[in-house]
Amino acid sequence: MRLAVLASGTGSICKAIINADVEVAAVVVDRRCPAIDLAEADNIPVVLVERSNFGTGFDRNQYSTDVVTALQAENIEVVAMAGFGTILGAPFFDAYEGRVLNTHPSLLPSFPGWHAVTDALQHGVRVTGCTVHIATLEVDAGPILAQSPVEIRDDDDENSLHERIKLTERDLYPATIKKFLAQMEKQR
């Protein structure tokens with residue numbers, strides 16, 4: 001199964017996937033970012049589908065179609081989101097239905113969205129964690145594949161808690177991707 005990783009930032013999640021010996025066929029980015037250098041250092045092709053508009057005129061469906069075109073050019077069958085900063089639209093999820101994995105810094109369905117770590121702290125929960133799920137058009141709402149809890153400490157702030165969640169994520173996500181790819185391979 002040909003896997004692409006979609007990234008936008010430092011590439012730490014992408015690097016964890018690569019370091020776990022998950023075969024990555026391509027890394028797709030929406031902007032110039034450190035994830036490019038990480039992928040290139042491992043001789044993984046990088047495809048830049050640059051997002052040039054961050055305003056109200058952004059055409060999400062056209063951009064999503066452009067991402068699908070780039071993925072199809074690389075014969076990609078499964079996609080792992082790894083801190084990809086652009087929410088993709090229906091053309092992407094139609095093309096890769098049930099084959100897009102995402103990781104989220106909470107125990108979904110609790111605290112979906114961009115501020116999950118802050119939300120967990122503000123709500124005073126004692127445990128949060130990391131969820132790996134199938135990504136769908138509705139953000140953070142797809143079927144859950146795996147979860148791992150992370151205790152919230154009395155002295156935690158957003159940064160310290162998020163760093164501990166990332167440590168869990170860097171193990172859970174690659175392991176879940178491997179299981180998912182093996183299951184997909186069996187279904188061929």
# chains A, B, ... in the order shown; residues from 1 in each chain; ligands from 1
call {"tool": "select_by_dssp", "arguments": {"residues": "chain A", "states": "helix (DSSP H, G or I)", "output": "ChimeraX atom specification"}}
result
/A:12-19,34-41,60-73,90-95,116-123,158-187
call {"tool": "write_last_selection", "arguments": {"atoms": "C-alpha atoms", "output": "CSV table (one decimal), in the first residue's frame"}}
result
chain,number,residue,atom,x,y,z
A,12,SER,CA,8.0,15.8,14.0
A,13,ILE,CA,5.1,13.5,13.5
A,14,CYS,CA,6.2,12.7,9.9
A,15,LYS,CA,9.7,11.9,11.3
A,16,ALA,CA,8.2,9.6,13.9
A,17,ILE,CA,6.4,7.7,11.1
A,18,ILE,CA,9.5,7.4,9.1
A,19,ASN,CA,11.6,6.4,12.1
A,34,PRO,CA,10.9,21.9,7.9
A,35,ALA,CA,9.0,18.7,7.0
A,36,ILE,CA,10.4,19.1,3.5
A,37,ASP,CA,14.0,18.8,4.7
A,38,LEU,CA,13.2,15.8,6.9
A,39,ALA,CA,11.6,13.9,4.1
A,40,GLU,CA,14.4,14.8,1.6
A,41,ALA,CA,17.0,13.6,4.2
A,60,ARG,CA,-11.2,24.7,-0.4
A,61,ASN,CA,-12.7,22.4,-3.0
A,62,GLN,CA,-10.3,23.4,-5.7
A,63,TYR,CA,-7.3,23.1,-3.4
A,64,SER,CA,-8.6,19.7,-2.2
A,65,THR,CA,-8.8,18.6,-5.9
A,66,ASP,CA,-5.2,19.8,-6.4
A,67,VAL,CA,-4.1,17.7,-3.5
A,68,VAL,CA,-5.9,14.6,-4.9
A,69,THR,CA,-4.3,15.2,-8.3
A,70,ALA,CA,-0.8,15.3,-6.6
A,71,LEU,CA,-1.5,12.1,-4.6
A,72,GLN,CA,-2.9,10.3,-7.6
A,73,ALA,CA,0.2,11.2,-9.6
A,90,ALA,CA,-15.2,16.9,-0.1
A,91,PRO,CA,-13.1,16.1,-3.2
A,92,PHE,CA,-10.3,14.8,-1.0
A,93,PHE,CA,-12.5,12.7,1.2
A,94,ASP,CA,-14.5,11.4,-1.7
A,95,ALA,CA,-11.2,10.2,-3.4
A,116,ALA,CA,-8.0,20.4,22.3
A,117,VAL,CA,-5.1,20.7,24.8
A,118,THR,CA,-6.3,24.1,26.0
A,119,ASP,CA,-9.9,22.9,26.2
A,120,ALA,CA,-8.8,19.9,28.3
A,121,LEU,CA,-7.0,22.1,30.8
A,122,GLN,CA,-9.9,24.6,31.0
A,123,HIS,CA,-12.4,21.9,31.6
A,158,GLU,CA,-0.6,23.9,27.5
A,159,ASN,CA,3.0,23.4,26.4
A,160,SER,CA,4.0,20.8,28.9
A,161,LEU,CA,0.8,18.8,28.4
A,162,HIS,CA,1.0,19.0,24.6
A,163,GLU,CA,4.7,17.8,24.7
A,164,ARG,CA,3.7,14.7,26.7
A,165,ILE,CA,0.8,14.0,24.3
A,166,LYS,CA,3.2,14.3,21.4
A,167,LEU,CA,5.5,11.7,23.0
A,168,THR,CA,2.5,9.3,23.2
A,169,GLU,CA,1.4,10.2,19.7
A,170,ARG,CA,4.9,9.4,18.2
A,171,ASP,CA,4.5,5.8,19.3
A,172,LEU,CA,0.7,5.3,18.9
A,173,TYR,CA,0.3,6.8,15.4
A,174,PRO,CA,3.0,4.9,13.6
A,175,ALA,CA,1.9,1.6,15.2
A,176,THR,CA,-1.7,2.3,14.2
A,177,ILE,CA,-0.6,3.2,10.7
A,178,LYS,CA,1.3,-0.1,10.4
A,179,LYS,CA,-1.8,-2.1,11.6
A,180,PHE,CA,-4.1,-0.2,9.2
A,181,LEU,CA,-1.8,-0.8,6.2
A,182,ALA,CA,-1.6,-4.5,7.1
A,183,GLN,CA,-5.4,-4.8,7.2
A,184,MET,CA,-5.7,-2.9,3.9
A,185,GLU,CA,-3.1,-5.2,2.4
A,186,LYS,CA,-5.1,-8.3,3.5
A,187,GLN,CA,-8.3,-6.9,1.9
call {"tool": "residues_around", "arguments": {"residues": "Val27 in chain A", "least_positions_apart": "2", "cutoff": "8 Å", "atoms": "only C-alpha atoms", "output": "number ranges by chain"}}
result
A: 4-7, 24-25, 29, 36, 39, 44-47
call {"tool": "residues_around", "arguments": {"residues": "Gly9 in chain A", "least_positions_apart": "6", "cutoff": "9 Å", "atoms": "only C-alpha atoms", "output": "PyMOL selection string"}}
result
chain A and resi 29+31-35+82-85
call {"tool": "closest_residue", "arguments": {"among": "A:Gly113, A:Ala135, A:Met1, A:Asn43", "to": "Val78 in chain A", "atoms": "only C-alpha atoms"}}
result
A:Met1
call {"tool": "residues_around", "arguments": {"residues": "range 130-133 of chain A", "least_positions_apart": "4", "cutoff": "9 Å", "atoms": "only C-alpha atoms", "output": "PyMOL selection string"}}
result
chain A and resi 100-108+140-150+165-166+168-169+172-173+176-177
call {"tool": "select_by_dssp", "arguments": {"residues": "chain A", "states": "strand (DSSP E)", "output": "NGL selection string"}}
result
:A and (3-7 or 26-29 or 46-48 or 78-82 or 100-104 or 127-134 or 144-151)
